[in-house]
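Structure first, commentary second.
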Amino acid sequence: MDSGDTAIFEPENWRLTDKQIELATVARKLGQEKFAQRAFEYDREATFPTENYQDLATSGLLGICVPERFGGAGADYQTYMLTAAEIGRYCGATALTFNMHVSSCLWTGFLADGLEMDDSQRKEHEAYRKHHYARIVEEGAIYAQPFSEGGAAAAGFKAFGTTAVRSDGGWIVNGKKIFASLSGHADYYGVLCTELEHSDEKPSRRNTMYIAIPNTAEGVSVVGDWDPLGMRGTVSRTLIFNDVFVPYQEQLMPRGIYYSAAQNWPHMFMTLTPSYMGIAQAAYDFTVRYLRGEIEGMPPVKRRMYPTKQLAAAQMRIMLEQTKAIWFQAISEARPGPDKASVMRAWAAQYTVMENANEISRLAIRTCGGQSMLRTLPLERLYRDSRCGSLMLPWTAELCMDKLGREALYEEGETDDEDAA
Ligand SMILES: Cc1cc2nc3c(=O)[nH]c(=O)nc-3n(C[C@H](O)[C@H](O)[C@H](O)COP(=O)(O)OP(=O)(O)OC[C@H]3O[C@@H](n4cnc5c(N)ncnc54)[C@H](O)[C@@H]3O)c2cc1C
């Protein structure tokens with residue numbers, strides 16, 4: 001896309017902090033000047049955006065959520081989300097994989113700092129995260145976040161089938177993760193698995209462990225091909241762990257803390273949305289430029305004078321404003337122990353961003369017309385990438401609807417058993 005984009009969230013109107021303005025500007029500049037041009041090839045070839053990651057490292061964004069005292073940029077949740085949305089605008093796959101990497105710092109940093117831990121857990125956590133942050137800040141290490149297994153575990157209903165059996169000085173990990181974005185490209189896989197004392201113990205969600213497994217560890221392999229509809233640059237192939245030994249110091253969070261985070265910090269599951277917030281903005285921006293005859297490399301034909309185009313532009317703008325408003329509000333409320341209204345708004349925001357990004361892209365293609373969906377232009381990629389948003393567990397569009405419907409009609413502890421009797 002051509003240069004000259006202004007911020008998705010204008011700093012003054014949305015009352016952004018200096019740090020938010022600074023980091024979002026760095027991301028927007030990188031996106032405009034570098035990522036936008038490279039996105040076509042990553043998508044066509046379904047290859048990992050390695051060059052973009054070199055730029056993210058050089059600009060300091062790899063350590064965006066590493067606390068300042070560990071050498072990072074010290075971004076909080078909202079600052080990360082606003083920055084990542086600017087990346088998603090230019091390359092959805094880079095923003096989505098960037099989320100997997102950043103979550104390893106956000107969850108262990110800003111989020112963990114707000115969780116209850118006793119002194120010994122806090123001390124343990126401090127030692128572990130120092131070790132991970134040094135790799136990221138000093139060595140440019142990239143972390144992935146492979147949770148999904150193809151069953152109910154990633155949706156939060158069951159214990160993870162990937163197991164970590166205690167052994168001398170560490171665990172023996174076995175299991176399979178599907179849709180493991182950055183597979184073969186991350187230096188470490190931040191894996192959620194179930195700790196077991198011995199291999200025939202019954203798995204429990206309370207014993208979920210979050211541990212980093214080096215991609216070079218013996219027994220780690222990446223299998224299968226990757227030729228999906230959208231988000232092709234994420235290279236989300238299947239990861240296999242076969243008797244992988246992982247030392248205890250590779251924990252990303254002490255025992256029990258991931259479970260506590262998932263219960264008490266629900267907004268942690270919204271971090272997949274910025275990629276799609278950026279895509280929604282990009283589809284709108286493209287449409288405005290196209291109808292004004294301002295797309296680089298296209299004949300300068302104006303189409304803005306047709307009332308139907310104006311109506312569609314209005315419809316897209318309304319949808320974009322609605323999406324931005326609920327998303328910004330929801331990410332502003334993120335905190336430990338939010339009340340019911342806040343959690344319901346987070347689900348509604350997640351649903352809105354994921355579904356509206358695709359709807360805005362759909363309207364963009366219909367409105368701009370036939371030539372706009374040629375593969376030489378970004379619009380058809382935005383359309384395909386945006387379709388993937390609603391599928392992301394644990395907060396898929398369907399599960400957000402399930403939870404919202406249930407919470408709207410039931411208060412805590414209520415059942416219909418009496419009515420049935
Ligand atoms: C581009 C892309 C990148 C991804 N990257 C990663 C990654 O890096 N790490 C990672 O861990 N995952 C990743 N995922 C996986 C993603 O989060 C989901 O786990 C995956 O899309 C689920 O696919 P599935 O076929 O297993 O769907 P299913 O689990 O079968 O779900 C299908 C639908 O059924 C519904 N559903 C599922 N379980 C239940 C239930 N128990 N009750 C009611 N409804 C339910 C959900 O709404 C869901 O949409 C990625 C996915 C995509 C598309």
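Each chain of the structure tokens is named A, B, ... in the order shown, its residues numbered from 1; ligands are numbered from 1 in display order.
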
Hey, which residues come within 9 Å of ligand 1 if we count only C-alpha atoms and all ligand atoms? Could you give them as JSON, numbers by chain?
-> {"A": [93, 96, 97, 99, 100, 144, 145, 146, 147, 148, 149, 150, 151, 152, 153, 154, 155, 156, 157, 158, 177, 178, 179, 180, 181, 182, 183, 191, 192, 228, 229, 230, 231, 232, 233, 234, 235, 236, 237, 385, 387, 388, 389, 390, 391, 392, 393, 394, 395, 396, 397, 398, 399, 400, 401, 402]}

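The protein and nucleic acid residues lying at most 12 Å from Glu359 (chain A) are Tyr276, Ile279, Ala280, Gln281, Ala283, Tyr284, Ala312, Gln315, Met316, Arg317, Met319, Leu320, Thr323, Tyr351, Thr352, Val353, Ile365, Arg366, Leu382, Tyr383, Arg384, Asp385, Ser386, Arg387, Gly389 and Ser390 of chain A, with only C-alpha atoms considered and sequence neighbours fewer than 6 positions away removed.
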
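Relative to CA of Arg89 (chain A), CA of Ala282 (chain A) is found at 5.2 Å.
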
Selected residue, from A:Met253, A:Asp18, A:Thr6, A:Gln121, that lies nearest to Cys105 (chain A) when counting only C-alpha atoms | A:Met253

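With only C-alpha atoms taken into account, the protein and nucleic acid residues at most 8 Å from Thr287 (chain A) (excluding it and anything under 6 positions from it in its own chain) are Ala313, Ala364, Thr367 and Cys368 of chain A.
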
Just N, CA and C atoms for this one: save the residues we selected as a PDB file, in the first residue's frame.
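The new file result-v7.pdb reads:
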```pdb
ATOM      1  N   ALA A 313     -19.058   3.110   1.226  1.00  0.00           N
ATOM      2  CA  ALA A 313     -17.970   3.700   2.023  1.00  0.00           C
ATOM      3  C   ALA A 313     -18.502   4.107   3.402  1.00  0.00           C
ATOM      4  N   ALA A 364     -15.333  -4.311   0.794  1.00  0.00           N
ATOM      5  CA  ALA A 364     -14.301  -3.598   0.027  1.00  0.00           C
ATOM      6  C   ALA A 364     -14.201  -4.186  -1.382  1.00  0.00           C
ATOM      7  N   THR A 367     -17.328  -3.397  -3.439  1.00  0.00           N
ATOM      8  CA  THR A 367     -17.433  -1.983  -3.783  1.00  0.00           C
ATOM      9  C   THR A 367     -16.390  -1.554  -4.801  1.00  0.00           C
ATOM     10  N   CYS A 368     -15.159  -2.011  -4.609  1.00  0.00           N
ATOM     11  CA  CYS A 368     -14.099  -1.579  -5.531  1.00  0.00           C
ATOM     12  C   CYS A 368     -14.269  -2.273  -6.883  1.00  0.00           C
TER      13      CYS A 368
END
```

Might you pull out every residue within 12 Å of Ala134 (chain A), with only C-alpha atoms counted and same-chain residues fewer than 3 positions away left off, and present them as a list in words?
-> Leu62, Gly63, Val66, Pro67, Glu68, Arg69, Phe70, Gly71, Gly72, Cys105, Ala127, Tyr128, Arg129, Lys130, His131, Val137, Glu138, Glu139, Gly140, Ala141 and Ile142 of chain A

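As for CA of Cys91 (chain A) and CA of Leu30 (chain A), they are spaced 10.5 Å apart.
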
Selection: 12 Å around Gly169 (chain A), only C-alpha atoms, excl. self and same-chain fewer than 5 positions, as number ranges by chain = A: 245-250

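Each of A:Ala85, A:Val244, A:Met373, A:Val343 was compared to Leu272 (chain A) using only C-alpha atoms, and A:Ala85 turns out to be the nearest.
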
DSSP-assigned alpha helix (DSSP H) members of region 77-178 of chain A, reported as a PyMOL selection string = chain A and resi 77-88+92-106+112-113+119-139

Keeping C-alpha atoms, export the residues of the selection given above as a PDB file, in the first residue's frame.
```pdb
ATOM      1  CA  TYR A  77      -1.142  -4.666  27.452  1.00  0.00           C
ATOM      2  CA  GLN A  78      -2.916  -1.761  25.787  1.00  0.00           C
ATOM      3  CA  THR A  79       0.322  -0.342  24.358  1.00  0.00           C
ATOM      4  CA  TYR A  80       1.195  -3.700  22.828  1.00  0.00           C
ATOM      5  CA  MET A  81      -2.275  -4.088  21.300  1.00  0.00           C
ATOM      6  CA  LEU A  82      -2.184  -0.617  19.687  1.00  0.00           C
ATOM      7  CA  THR A  83       1.311  -1.212  18.298  1.00  0.00           C
ATOM      8  CA  ALA A  84       0.490  -4.662  16.916  1.00  0.00           C
ATOM      9  CA  ALA A  85      -2.616  -3.324  15.142  1.00  0.00           C
ATOM     10  CA  GLU A  86      -0.359  -1.031  13.102  1.00  0.00           C
ATOM     11  CA  ILE A  87       1.693  -4.078  12.032  1.00  0.00           C
ATOM     12  CA  GLY A  88      -1.445  -6.048  11.102  1.00  0.00           C
ATOM     13  CA  GLY A  92      -1.399  -9.836   8.936  1.00  0.00           C
ATOM     14  CA  ALA A  93       0.856 -12.879   9.159  1.00  0.00           C
ATOM     15  CA  THR A  94       3.659 -10.852  10.711  1.00  0.00           C
ATOM     16  CA  ALA A  95       1.284  -9.366  13.290  1.00  0.00           C
ATOM     17  CA  LEU A  96      -0.251 -12.745  14.136  1.00  0.00           C
ATOM     18  CA  THR A  97       3.099 -14.471  14.619  1.00  0.00           C
ATOM     19  CA  PHE A  98       4.382 -11.392  16.475  1.00  0.00           C
ATOM     20  CA  ASN A  99       1.544 -11.967  18.933  1.00  0.00           C
ATOM     21  CA  MET A 100       2.735 -15.514  19.588  1.00  0.00           C
ATOM     22  CA  HIS A 101       6.227 -14.197  20.329  1.00  0.00           C
ATOM     23  CA  VAL A 102       5.106 -11.210  22.413  1.00  0.00           C
ATOM     24  CA  SER A 103       2.692 -13.253  24.517  1.00  0.00           C
ATOM     25  CA  SER A 104       5.666 -15.046  26.027  1.00  0.00           C
ATOM     26  CA  CYS A 105       6.810 -11.663  27.423  1.00  0.00           C
ATOM     27  CA  LEU A 106       3.418 -10.054  28.083  1.00  0.00           C
ATOM     28  CA  ALA A 112       2.145 -11.974  35.804  1.00  0.00           C
ATOM     29  CA  ASP A 113       2.997  -8.833  37.811  1.00  0.00           C
ATOM     30  CA  ASP A 119       7.193 -14.898  47.896  1.00  0.00           C
ATOM     31  CA  SER A 120       8.825 -18.101  46.774  1.00  0.00           C
ATOM     32  CA  GLN A 121       6.811 -18.232  43.524  1.00  0.00           C
ATOM     33  CA  ARG A 122       7.636 -14.573  42.848  1.00  0.00           C
ATOM     34  CA  LYS A 123      11.332 -15.270  43.388  1.00  0.00           C
ATOM     35  CA  GLU A 124      11.215 -18.350  41.199  1.00  0.00           C
ATOM     36  CA  HIS A 125       9.387 -16.443  38.464  1.00  0.00           C
ATOM     37  CA  GLU A 126      11.897 -13.593  38.590  1.00  0.00           C
ATOM     38  CA  ALA A 127      14.771 -15.990  37.933  1.00  0.00           C
ATOM     39  CA  TYR A 128      13.014 -17.777  35.065  1.00  0.00           C
ATOM     40  CA  ARG A 129      11.912 -14.685  33.221  1.00  0.00           C
ATOM     41  CA  LYS A 130      15.294 -13.009  33.504  1.00  0.00           C
ATOM     42  CA  HIS A 131      16.728 -15.943  31.596  1.00  0.00           C
ATOM     43  CA  HIS A 132      14.072 -15.769  28.809  1.00  0.00           C
ATOM     44  CA  TYR A 133      14.184 -11.987  28.500  1.00  0.00           C
ATOM     45  CA  ALA A 134      17.996 -12.005  28.125  1.00  0.00           C
ATOM     46  CA  ARG A 135      17.652 -14.359  25.169  1.00  0.00           C
ATOM     47  CA  ILE A 136      15.135 -12.044  23.516  1.00  0.00           C
ATOM     48  CA  VAL A 137      16.802  -8.714  24.245  1.00  0.00           C
ATOM     49  CA  GLU A 138      20.444  -9.750  23.878  1.00  0.00           C
ATOM     50  CA  GLU A 139      20.273 -12.550  21.314  1.00  0.00           C
TER      51      GLU A 139
END
```

As a VMD selection string, which residues of region 177-244 of chain A does DSSP assign to strand (DSSP E)?
-> chain A and resid 177 to 180 188 to 196 208 to 214 220 to 223 237 to 244

What does the file look like for those residues with N, CA and C atoms, as a short mmCIF file (atom, residue, chain, number, x, y, z; two decimals), in the first residue's frame?
```cif
data_model
loop_
_atom_site.label_atom_id
_atom_site.label_comp_id
_atom_site.auth_asym_id
_atom_site.auth_seq_id
_atom_site.Cartn_x
_atom_site.Cartn_y
_atom_site.Cartn_z
N LYS A 177 1.40 -30.62 18.70
CA LYS A 177 0.70 -29.34 18.63
C LYS A 177 0.40 -29.04 17.17
N ILE A 178 -0.90 -28.75 16.88
CA ILE A 178 -1.23 -28.42 15.50
C ILE A 178 -1.27 -26.90 15.34
N PHE A 179 -1.24 -26.40 14.13
CA PHE A 179 -1.28 -24.96 13.86
C PHE A 179 -0.23 -24.22 14.69
N ALA A 180 0.98 -24.76 14.71
CA ALA A 180 2.03 -24.12 15.51
C ALA A 180 2.71 -23.04 14.66
N TYR A 188 12.47 -20.84 20.27
CA TYR A 188 11.88 -21.56 21.41
C TYR A 188 10.38 -21.69 21.20
N TYR A 189 9.84 -22.82 21.61
CA TYR A 189 8.39 -23.03 21.58
C TYR A 189 7.88 -22.91 23.01
N GLY A 190 7.04 -21.90 23.27
CA GLY A 190 6.42 -21.73 24.60
C GLY A 190 5.21 -22.64 24.66
N VAL A 191 5.40 -23.82 25.21
CA VAL A 191 4.39 -24.89 25.11
C VAL A 191 3.54 -24.98 26.38
N LEU A 192 2.24 -25.12 26.18
CA LEU A 192 1.36 -25.44 27.31
C LEU A 192 1.19 -26.95 27.34
N CYS A 193 1.46 -27.53 28.50
CA CYS A 193 1.35 -28.98 28.61
C CYS A 193 0.93 -29.32 30.04
N THR A 194 0.62 -30.58 30.27
CA THR A 194 0.16 -31.00 31.59
C THR A 194 1.28 -31.71 32.32
N GLU A 195 1.59 -31.22 33.51
CA GLU A 195 2.65 -31.88 34.30
C GLU A 195 2.08 -33.13 34.97
N LEU A 196 2.84 -34.20 34.93
CA LEU A 196 2.45 -35.45 35.58
C LEU A 196 3.59 -35.92 36.47
N THR A 208 -1.38 -27.43 34.51
CA THR A 208 -0.86 -26.93 33.23
C THR A 208 0.48 -26.24 33.47
N MET A 209 1.44 -26.57 32.65
CA MET A 209 2.76 -25.94 32.72
C MET A 209 2.97 -25.13 31.45
N TYR A 210 3.69 -24.04 31.58
CA TYR A 210 4.04 -23.20 30.42
C TYR A 210 5.56 -23.20 30.37
N ILE A 211 6.11 -23.94 29.40
CA ILE A 211 7.57 -24.10 29.37
C ILE A 211 8.14 -23.86 27.97
N ALA A 212 9.39 -23.43 27.95
CA ALA A 212 10.04 -23.13 26.67
C ALA A 212 10.89 -24.32 26.23
N ILE A 213 10.63 -24.76 25.01
CA ILE A 213 11.40 -25.89 24.47
C ILE A 213 12.23 -25.39 23.29
N PRO A 214 13.55 -25.52 23.37
CA PRO A 214 14.38 -25.02 22.25
C PRO A 214 14.08 -25.80 20.97
N VAL A 220 12.44 -32.94 18.97
CA VAL A 220 11.50 -31.95 18.43
C VAL A 220 11.51 -32.06 16.91
N SER A 221 10.32 -32.18 16.30
CA SER A 221 10.30 -32.16 14.84
C SER A 221 9.07 -31.41 14.33
N VAL A 222 9.19 -30.89 13.13
CA VAL A 222 8.11 -30.15 12.47
C VAL A 222 7.67 -31.01 11.30
N VAL A 223 6.38 -31.30 11.23
CA VAL A 223 5.92 -32.21 10.17
C VAL A 223 4.72 -31.61 9.41
N ARG A 237 2.74 -25.13 10.90
CA ARG A 237 2.79 -26.58 10.69
C ARG A 237 2.67 -27.32 12.03
N THR A 238 2.74 -28.63 11.96
CA THR A 238 2.55 -29.45 13.17
C THR A 238 3.88 -29.71 13.87
N LEU A 239 3.84 -29.61 15.20
CA LEU A 239 5.06 -29.83 16.01
C LEU A 239 4.91 -31.15 16.76
N ILE A 240 5.96 -31.92 16.75
CA ILE A 240 5.94 -33.19 17.49
C ILE A 240 7.03 -33.15 18.57
N PHE A 241 6.65 -33.56 19.77
CA PHE A 241 7.63 -33.69 20.86
C PHE A 241 7.70 -35.17 21.22
N ASN A 242 8.85 -35.73 21.02
CA ASN A 242 9.01 -37.16 21.26
C ASN A 242 10.11 -37.38 22.30
N ASP A 243 9.70 -37.61 23.55
CA ASP A 243 10.66 -37.79 24.65
C ASP A 243 11.69 -36.68 24.71
N VAL A 244 11.19 -35.45 24.70
CA VAL A 244 12.10 -34.29 24.74
C VAL A 244 12.43 -33.97 26.20
#
```

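You will find CA of Ala39 (chain A) at 8.4 Å from CA of Pro378 (chain A).
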
Proximity of region 113-185 of chain A to region 329-338 of chain A: per-residue shortest pair, 12 Å limit, only C-alpha atoms, as JSON lines:
```
{"residue": "A:Asp113", "atom": "CA", "partner": "A:Pro336", "partner_atom": "CA", "distance": 9.9}
{"residue": "A:Gly114", "atom": "CA", "partner": "A:Pro336", "partner_atom": "CA", "distance": 6.4}
{"residue": "A:Leu115", "atom": "CA", "partner": "A:Pro336", "partner_atom": "CA", "distance": 6.9}
{"residue": "A:Glu116", "atom": "CA", "partner": "A:Pro336", "partner_atom": "CA", "distance": 9.5}
```

With N, CA and C atoms kept, could you save the residues just selected as an mmCIF file, in the first residue's frame?
```cif
data_model
loop_
_atom_site.group_PDB
_atom_site.id
_atom_site.type_symbol
_atom_site.label_atom_id
_atom_site.label_comp_id
_atom_site.auth_asym_id
_atom_site.auth_seq_id
_atom_site.Cartn_x
_atom_site.Cartn_y
_atom_site.Cartn_z
ATOM 1 N N ASP A 113 2.781 -9.789 36.712
ATOM 2 C CA ASP A 113 2.997 -8.833 37.811
ATOM 3 C C ASP A 113 1.690 -8.519 38.536
ATOM 4 N N GLY A 114 0.569 -8.704 37.855
ATOM 5 C CA GLY A 114 -0.728 -8.414 38.484
ATOM 6 C C GLY A 114 -1.383 -9.638 39.101
ATOM 7 N N LEU A 115 -0.707 -10.788 39.036
ATOM 8 C CA LEU A 115 -1.293 -12.015 39.596
ATOM 9 C C LEU A 115 -0.771 -12.273 40.993
ATOM 10 N N GLU A 116 -1.592 -12.959 41.774
ATOM 11 C CA GLU A 116 -1.136 -13.305 43.125
ATOM 12 C C GLU A 116 -0.111 -14.427 43.075
#
```
